[in-house]
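Student: Structure: input-v7.txt, compact mmCIF, C-alpha atoms.
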# COMPACT_ATOMS: atom_id res chain seq x y z
CA MET A 21 240.47 102.01 -95.42
CA ASN A 22 236.72 101.36 -95.11
CA THR A 23 234.01 103.71 -96.32
CA THR A 24 232.85 104.74 -92.83
CA LEU A 25 236.36 105.69 -91.78
CA THR A 26 236.86 107.67 -94.98
CA HIS A 27 233.65 109.61 -94.35
CA LYS A 28 234.73 110.40 -90.80
CA ILE A 29 238.06 111.77 -91.96
CA ILE A 30 236.41 113.89 -94.66
CA PHE A 31 233.89 115.25 -92.15
CA ALA A 32 236.65 116.06 -89.64
CA SER A 33 238.68 117.82 -92.31
CA LEU A 34 235.66 119.89 -93.35
CA CYS A 35 235.01 120.90 -89.73
CA ILE A 36 238.57 122.12 -89.28
CA ALA A 37 238.49 123.92 -92.63
CA LEU A 38 235.25 125.74 -91.71
CA ILE A 39 236.75 126.88 -88.39
CA SER A 40 239.81 128.19 -90.18
CA ILE A 41 237.87 130.02 -92.89
CA SER A 42 235.49 131.66 -90.40
CA SER A 43 238.40 132.97 -88.30
CA CYS A 44 240.78 134.29 -90.96
CA ALA A 45 242.45 137.66 -90.56
CA THR A 46 245.34 139.45 -92.30
CA SER A 47 248.68 140.41 -90.74
CA PRO A 48 250.32 143.83 -91.31
CA GLU A 49 252.47 142.12 -93.96
CA GLY A 50 249.39 140.80 -95.80
CA ARG A 51 249.72 137.20 -94.61
CA THR A 52 246.55 135.25 -93.81
CA GLN A 53 246.18 134.53 -90.09
CA LEU A 54 243.99 132.23 -88.01
CA LYS A 55 242.66 134.03 -84.92
CA LEU A 56 240.08 132.28 -82.75
CA ILE A 57 240.43 134.22 -79.48
CA PRO A 58 238.87 137.67 -78.83
CA ASP A 59 241.53 140.37 -78.45
CA ASP A 60 240.39 141.39 -74.97
CA GLN A 61 240.75 137.81 -73.77
CA MET A 62 244.26 137.56 -75.25
CA ASN A 63 245.20 140.88 -73.64
CA ALA A 64 244.00 139.62 -70.24
CA MET A 65 246.00 136.42 -70.68
CA GLY A 66 249.08 138.43 -71.63
CA ALA A 67 248.73 140.73 -68.63
CA GLN A 68 248.34 137.77 -66.27
CA SER A 69 251.40 136.05 -67.70
CA PHE A 70 253.43 139.26 -67.45
CA GLU A 71 252.55 139.63 -63.78
CA GLN A 72 253.75 136.08 -63.13
CA ILE A 73 257.02 136.77 -64.93
CA LYS A 74 257.55 139.94 -62.87
CA GLN A 75 257.08 137.93 -59.69
CA GLN A 76 259.55 135.27 -60.80
CA THR A 77 262.23 137.45 -62.43
CA THR A 78 263.93 140.43 -60.80
CA PRO A 79 263.71 143.76 -62.64
CA THR A 80 267.02 145.56 -63.06
CA LYS A 81 268.04 148.04 -60.40
CA ASP A 82 270.25 149.88 -62.89
CA LYS A 83 268.26 153.00 -63.67
CA ASN A 84 270.58 153.98 -66.51
CA ILE A 85 269.88 150.72 -68.36
CA GLU A 86 266.16 150.99 -67.61
CA GLN A 87 265.96 154.55 -68.97
CA TYR A 88 268.04 153.56 -72.00
CA VAL A 89 265.63 150.79 -72.96
CA LEU A 90 262.59 152.99 -72.29
CA CYS A 91 264.08 155.81 -74.36
CA ILE A 92 264.33 153.51 -77.37
CA ALA A 93 260.86 152.03 -76.86
CA ASN A 94 259.29 155.45 -76.41
CA LYS A 95 260.83 156.64 -79.67
CA ILE A 96 259.40 153.68 -81.59
CA ILE A 97 255.92 153.36 -80.08
CA PRO A 98 254.54 156.68 -81.46
CA HIS A 99 255.00 155.17 -84.93
CA VAL A 100 252.76 152.20 -84.08
CA LYS A 101 249.39 152.85 -85.71
CA GLN A 102 247.58 150.29 -83.56
CA ASN A 103 248.57 151.97 -80.28
CA PRO A 104 250.94 154.97 -80.50
CA ASN A 105 250.66 155.96 -76.81
CA PRO A 106 253.77 154.90 -74.83
CA ASP A 107 251.80 155.20 -71.58
CA GLN A 108 249.65 152.24 -72.65
CA TRP A 109 252.66 149.95 -73.10
CA GLU A 110 254.49 148.23 -70.26
CA ILE A 111 258.20 147.58 -70.87
CA ILE A 112 260.24 145.97 -68.09
CA VAL A 113 264.00 145.35 -68.09
CA PHE A 114 264.81 142.13 -66.22
CA ASP A 115 268.14 141.42 -64.53
CA ASP A 116 268.93 138.19 -66.31
CA ALA A 117 271.99 137.03 -68.24
CA GLN A 118 270.11 135.52 -71.18
CA ALA A 119 270.40 137.38 -74.47
CA ASN A 120 266.69 137.64 -75.08
CA ALA A 121 263.49 139.69 -75.07
CA PHE A 122 259.83 138.76 -75.36
CA ALA A 123 256.41 140.21 -76.14
CA LEU A 124 252.96 139.37 -74.80
CA PRO A 125 249.45 140.42 -75.86
CA GLY A 126 248.18 143.48 -74.04
CA TYR A 127 251.18 145.65 -74.99
CA LYS A 128 253.69 143.95 -72.67
CA ILE A 129 257.40 143.67 -73.47
CA GLY A 130 260.27 142.24 -71.45
CA VAL A 131 263.96 142.83 -72.15
CA TYR A 132 266.75 140.90 -70.40
CA THR A 133 269.96 142.71 -69.48
CA GLY A 134 272.03 139.94 -71.09
CA LEU A 135 270.80 141.17 -74.46
CA LEU A 136 272.97 144.28 -74.09
CA ASN A 137 276.07 142.13 -74.52
CA TYR A 138 275.01 141.63 -78.15
CA ALA A 139 272.87 144.68 -78.90
CA LYS A 140 275.83 147.00 -78.49
CA ASN A 141 274.29 150.35 -79.44
CA GLN A 142 270.91 152.07 -79.57
CA ASP A 143 270.22 151.04 -83.16
CA GLN A 144 270.88 147.36 -82.54
CA LEU A 145 268.71 147.37 -79.43
CA ALA A 146 266.01 149.24 -81.37
CA ALA A 147 265.97 146.34 -83.85
CA VAL A 148 265.10 143.96 -80.99
CA ILE A 149 262.53 146.24 -79.38
CA GLY A 150 260.94 146.98 -82.76
CA HIS A 151 260.80 143.24 -83.37
CA GLU A 152 258.99 142.61 -80.07
CA ILE A 153 256.57 145.48 -80.65
CA ALA A 154 255.84 143.94 -84.05
CA HIS A 155 254.88 140.63 -82.42
CA VAL A 156 252.30 142.48 -80.33
CA ILE A 157 250.72 144.58 -83.07
CA ALA A 158 250.68 141.67 -85.53
CA LYS A 159 248.87 139.61 -82.86
CA HIS A 160 251.17 136.66 -83.28
CA GLY A 161 250.25 135.44 -79.78
CA ASN A 162 246.61 135.02 -80.81
CA GLU A 163 247.70 133.25 -83.96
CA ARG A 164 249.93 130.80 -82.08
CA VAL A 165 247.23 129.94 -79.55
CA SER A 166 244.62 129.60 -82.30
CA THR A 167 246.86 127.34 -84.36
CA GLN A 168 247.51 125.12 -81.35
CA MET A 169 243.78 124.93 -80.65
CA ALA A 170 243.00 123.93 -84.23
CA THR A 171 245.87 121.45 -84.23
CA GLN A 172 244.76 119.79 -81.01
CA THR A 173 241.21 119.56 -82.35
CA GLY A 174 242.46 117.83 -85.48
CA LEU A 175 244.69 115.41 -83.56
CA GLY A 176 241.84 114.62 -81.15
CA ILE A 177 239.55 113.73 -84.03
CA ALA A 178 242.28 111.61 -85.66
CA SER A 179 242.95 109.82 -82.38
CA ALA A 180 239.25 109.02 -81.95
CA ILE A 181 239.05 107.68 -85.51
CA PHE A 182 242.22 105.60 -85.59
CA GLY A 183 242.18 104.59 -81.94
CA ALA A 184 238.90 102.79 -82.42
CA THR A 185 240.44 100.22 -84.77
CA GLN A 186 243.16 99.03 -82.31
CA SER A 187 245.69 98.52 -85.10
CA ASP A 188 249.44 98.64 -84.54
CA ASN A 189 249.77 100.64 -87.74
CA ASN A 190 247.34 103.23 -86.39
CA ALA A 191 249.64 104.00 -83.46
CA LEU A 192 252.43 104.69 -85.94
CA ILE A 193 250.09 106.91 -87.98
CA LEU A 194 249.19 108.96 -84.88
CA ALA A 195 252.85 109.31 -83.93
CA GLY A 196 253.58 110.46 -87.46
CA LEU A 197 250.75 112.99 -87.28
CA GLY A 198 252.26 114.43 -84.11
CA LEU A 199 255.67 114.86 -85.76
CA GLY A 200 254.02 116.22 -88.88
CA VAL A 201 252.22 118.86 -86.85
CA GLN A 202 255.40 119.91 -85.05
CA TYR A 203 257.71 120.11 -88.05
CA GLY A 204 255.11 120.90 -90.70
CA ILE A 205 252.93 123.45 -88.93
CA THR A 206 254.01 124.68 -85.50
CA LEU A 207 257.72 125.37 -86.01
CA PRO A 208 257.55 126.81 -89.54
CA PHE A 209 254.59 128.91 -88.48
CA SER A 210 256.66 130.35 -85.66
CA ARG A 211 259.49 131.06 -88.07
CA SER A 212 257.07 133.03 -90.25
CA HIS A 213 256.14 135.10 -87.18
CA GLU A 214 259.79 135.82 -86.43
CA SER A 215 260.55 136.83 -90.01
CA GLU A 216 257.47 139.03 -90.14
CA ALA A 217 258.38 140.70 -86.84
CA ASP A 218 261.91 141.34 -88.14
CA LEU A 219 260.56 143.23 -91.14
CA ILE A 220 257.83 145.17 -89.32
CA GLY A 221 260.30 146.04 -86.58
CA LEU A 222 262.82 147.23 -89.16
CA ASP A 223 260.29 149.65 -90.62
CA LEU A 224 259.33 150.93 -87.18
CA MET A 225 262.91 151.54 -86.03
CA ALA A 226 263.71 153.39 -89.26
CA LYS A 227 260.70 155.70 -88.87
CA ALA A 228 261.80 156.39 -85.29
CA GLY A 229 265.25 157.51 -86.39
CA PHE A 230 267.30 154.36 -85.77
CA ASN A 231 269.70 153.10 -88.41
CA PRO A 232 268.12 149.98 -90.01
CA ALA A 233 271.49 148.72 -91.26
CA GLU A 234 272.45 148.00 -87.65
CA SER A 235 269.83 145.22 -87.56
CA VAL A 236 272.21 143.12 -89.66
CA THR A 237 275.09 143.78 -87.29
CA LEU A 238 272.86 142.74 -84.39
CA TRP A 239 272.26 139.29 -85.88
CA GLN A 240 275.92 138.94 -86.70
CA ASN A 241 276.57 139.59 -83.01
CA MET A 242 273.83 137.15 -81.99
CA SER A 243 275.44 134.42 -84.06
CA GLN A 244 278.22 134.51 -81.47
CA ALA A 245 275.74 133.57 -78.72
CA GLY A 246 276.19 129.84 -79.35
CA ALA A 247 275.22 126.97 -81.60
CA ALA A 248 271.64 126.77 -82.83
CA PRO A 249 269.63 123.71 -84.00
CA PRO A 250 269.06 123.21 -87.74
CA GLU A 251 266.57 125.76 -89.03
CA PHE A 252 263.87 123.17 -89.86
CA MET A 253 263.90 122.12 -86.16
CA SER A 254 263.97 125.64 -84.76
CA THR A 255 261.22 128.08 -83.90
CA HIS A 256 263.43 130.89 -85.23
CA PRO A 257 264.93 131.47 -88.65
CA SER A 258 268.70 130.94 -88.80
CA ASN A 259 270.78 134.08 -88.34
CA LYS A 260 271.89 133.72 -91.98
CA THR A 261 268.26 133.69 -93.16
CA ARG A 262 267.34 136.67 -90.99
CA ILE A 263 270.27 138.69 -92.29
CA LYS A 264 269.33 137.92 -95.90
CA GLN A 265 265.71 138.97 -95.36
CA LEU A 266 266.71 142.15 -93.55
CA LYS A 267 269.17 143.16 -96.27
CA GLN A 268 266.40 142.84 -98.84
CA ARG A 269 264.15 145.17 -96.80
CA ILE A 270 266.76 147.74 -95.73
CA PRO A 271 266.60 149.90 -98.91
CA LYS A 272 262.88 150.47 -98.27
CA ALA A 273 263.48 151.18 -94.56
CA ASN A 274 266.31 153.59 -95.42
CA VAL A 275 263.81 155.91 -97.10
CA ASP A 276 262.04 156.39 -93.77
CA TYR A 277 265.34 156.60 -91.89
CA GLN A 278 266.68 159.37 -94.13
CA ALA A 279 263.38 161.22 -93.81
CA SER A 280 263.66 161.04 -90.02
CA ILE A 281 267.18 162.47 -90.17
CA LYS A 282 266.12 165.35 -92.43
CA SER A 283 263.31 166.21 -90.02
CA GLY A 284 265.71 166.23 -87.08
CA GLN A 285 264.29 163.03 -85.56
CA ARG A 286 267.50 160.95 -85.43
CA ALA A 287 267.32 159.00 -82.16
CA THR A 288 269.84 159.78 -79.40
CA CYS A 289 269.36 157.25 -76.61
CA LYS A 290 272.37 156.50 -74.40
CA PRO A 291 272.91 153.94 -71.60
Give the structure from the file, written as structure tokens.
Tutor:
Amino acid sequence: MNTTLTHKIIFASLCIALISISSCATSPEGRTQLKLIPDDQMNAMGAQSFEQIKQQTTPTKDKNIEQYVLCIANKIIPHVKQNPNPDQWEIIVFDDAQANAFALPGYKIGVYTGLLNYAKNQDQLAAVIGHEIAHVIAKHGNERVSTQMATQTGLGIASAIFGATQSDNNALILAGLGLGVQYGITLPFSRSHESEADLIGLDLMAKAGFNPAESVTLWQNMSQAGAAPPEFMSTHPSNKTRIKQLKQRIPKANVDYQASIKSGQRATCKP
């Protein structure tokens, strides 16, 4: 590799490093985050995306299910320091068979009715809703977008550097960089978000009077939903990994759960 090319790579690396350092934040679990987008802009993007989803996916007409989900969410949200007002959150139950839920910046949460086939009681569903609330308050959406922006910047610089030499080996290097980004940065980073949301959500559900031990049963149920790709190729931790991490956190969450019971705050949401 010639001296000019080496200098270009070093300069590009320094540029990316400076962007990262200047935009560092800390998650509720103490993990360093990269956030490049202002919160109000992320919230606007989340609201716009949520409106599109509402236009494309039919909300449930079953008022009992809707009230059940809202009951659980409204028990958890007051324990969210960042925004404890349930009126400022929008939670929609969508009539869809997939066993899933999602969260968007701007305090938006969607729950699909198919999830109720696996979240079989209020505590198990609270584990999912707490998880989605955690994604919002930990600002994982901002982190994902920021990581993708930084990644694309780095790949663009690498493409400009290597593409100029017109070498067959350079094409292989660029292809390798793409795979390296996917399996070395993007997917594991997403798994860290999921694990973090599991733990934050566990604490929230326990404080709200939901049994944290049921989070393990939920993921045992979810393992019946079908085969999953190997964990290193997945954006989510394996169910086995999630269960292990939750079991390690449950003793801490149980302290808050028992306190909620003693104060008469045990949740009683019914479909």
Student: Give me, please, the distance in Å between CA of Ala217 in chain A and CA of Lys290 in chain A, quoted to one decimal.
Tutor: 24.5 Å
Student: Please tell me which residues are no farther than 12 Å from (244.3, 136.8, -77.3) in the file, counting only C-alpha atoms, and write them as a ChimeraX atom specification.
Tutor: /A:54-69,124-127,156-166
Student: Pick out the closest residue to Gly221 in chain A from this set: A:Ala123, A:Ile149, A:Cys91, A:Ile281. Count all atoms listed in the file.
Tutor: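 Going through A:Ala123, A:Ile149, A:Cys91, A:Ile281 one by one, the smallest distance to Gly221 in chain A is for A:Ile149.
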Student: Got a sec: who's within 12 Å of Ile111 in chain A, counting all atoms listed in the file, leaving out chain neighbours fewer than 6 positions off, as number ranges by chain?
Tutor: A: 67, 70, 74, 79-80, 86-94, 97, 121-124, 126-132, 149, 152-153
Student: Which polymer residues, protein or nucleic acid, are no farther than 9 Å from (270.9, 146.1, -81.2), counting all atoms listed in the file, as a PDB file with C-alpha atoms, keeping the file's coordinate frame?
Tutor:
ATOM      1  CA  LEU A 135     270.800 141.170 -74.460  1.00  0.00           C
ATOM      2  CA  LEU A 136     272.970 144.280 -74.090  1.00  0.00           C
ATOM      3  CA  TYR A 138     275.010 141.630 -78.150  1.00  0.00           C
ATOM      4  CA  ALA A 139     272.870 144.680 -78.900  1.00  0.00           C
ATOM      5  CA  LYS A 140     275.830 147.000 -78.490  1.00  0.00           C
ATOM      6  CA  ASN A 141     274.290 150.350 -79.440  1.00  0.00           C
ATOM      7  CA  GLN A 142     270.910 152.070 -79.570  1.00  0.00           C
ATOM      8  CA  ASP A 143     270.220 151.040 -83.160  1.00  0.00           C
ATOM      9  CA  GLN A 144     270.880 147.360 -82.540  1.00  0.00           C
ATOM     10  CA  LEU A 145     268.710 147.370 -79.430  1.00  0.00           C
ATOM     11  CA  ALA A 146     266.010 149.240 -81.370  1.00  0.00           C
ATOM     12  CA  ALA A 147     265.970 146.340 -83.850  1.00  0.00           C
ATOM     13  CA  VAL A 148     265.100 143.960 -80.990  1.00  0.00           C
ATOM     14  CA  ILE A 149     262.530 146.240 -79.380  1.00  0.00           C
ATOM     15  CA  GLU A 234     272.450 148.000 -87.650  1.00  0.00           C
ATOM     16  CA  SER A 235     269.830 145.220 -87.560  1.00  0.00           C
ATOM     17  CA  THR A 237     275.090 143.780 -87.290  1.00  0.00           C
ATOM     18  CA  LEU A 238     272.860 142.740 -84.390  1.00  0.00           C
ATOM     19  CA  TRP A 239     272.260 139.290 -85.880  1.00  0.00           C
ATOM     20  CA  ASN A 241     276.570 139.590 -83.010  1.00  0.00           C
TER      21      ASN A 241
END
Student: So which one's closest to Ser210 in chain A, A:Thr167, A:Ser47, A:Gln244, A:Val275? Using only C-alpha atoms, please.
Tutor: A:Thr167
Student: Work out how far CA of Arg286 in chain A is from CA of Arg262 in chain A, in Å to one decimal.
Tutor: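 About the pair CA of Arg262 in chain A and CA of Arg286 in chain A: they are 24.9 Å apart.
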Student: Counting all atoms listed in the file, which residue out of A:Ala233, A:Asp223, A:Lys101, A:Asp218 sits closest to Asn259 in chain A?
Tutor: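 Distance minimum relative to Asn259 in chain A lands on A:Asp218.
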Student: As an exercise, work out the distance from CA of Gln53 in chain A to CA of His213 in chain A in Å and give it to one decimal place.
Tutor: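 Between CA of Gln53 in chain A and CA of His213 in chain A the gap works out to 10.4 Å.
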Student: Taking all atoms listed in the file into account, which of A:Ser258, A:Asn137, A:Asn103, A:Gln76 comes nearest Ser215 in chain A?
Tutor: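 Checking each candidate against Ser215 in chain A, we get A:Ser258 as the closest.
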Student: Looking at A:Leu222, A:Ser280, A:Glu71, A:Glu216, which one is nearest to His256 in chain A, with distances taken over only C-alpha atoms?
Tutor: A:Glu216
Student: Closest to Ile220 in chain A among A:Thr52, A:Cys289, A:Gly150, A:Pro232, using only C-alpha atoms?
Tutor: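 Counting only C-alpha atoms, the residue closest to Ile220 in chain A is A:Gly150.
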Student: If we count all atoms listed in the file, what is near Phe230 in chain A at a cut-off of 6 Å, once residues fewer than 3 positions away on the same chain are taken out, given as a PyMOL selection string?
Tutor: chain A and resi 143+225-226+287
Student: I'd like the contact shell of Ala279 in chain A - 9 Å cut-off, all atoms listed in the file, skipping same-chain residues fewer than 6 positions apart - returned as a JSON list (two decimals) with C-alpha atoms, keeping the file's coordinate frame.
Tutor:
[["chain", "number", "residue", "atom", "x", "y", "z"],
["A", 227, "LYS", "CA", 260.70, 155.70, -88.87],
["A", 229, "GLY", "CA", 265.25, 157.51, -86.39],
["A", 285, "GLN", "CA", 264.29, 163.03, -85.56]]
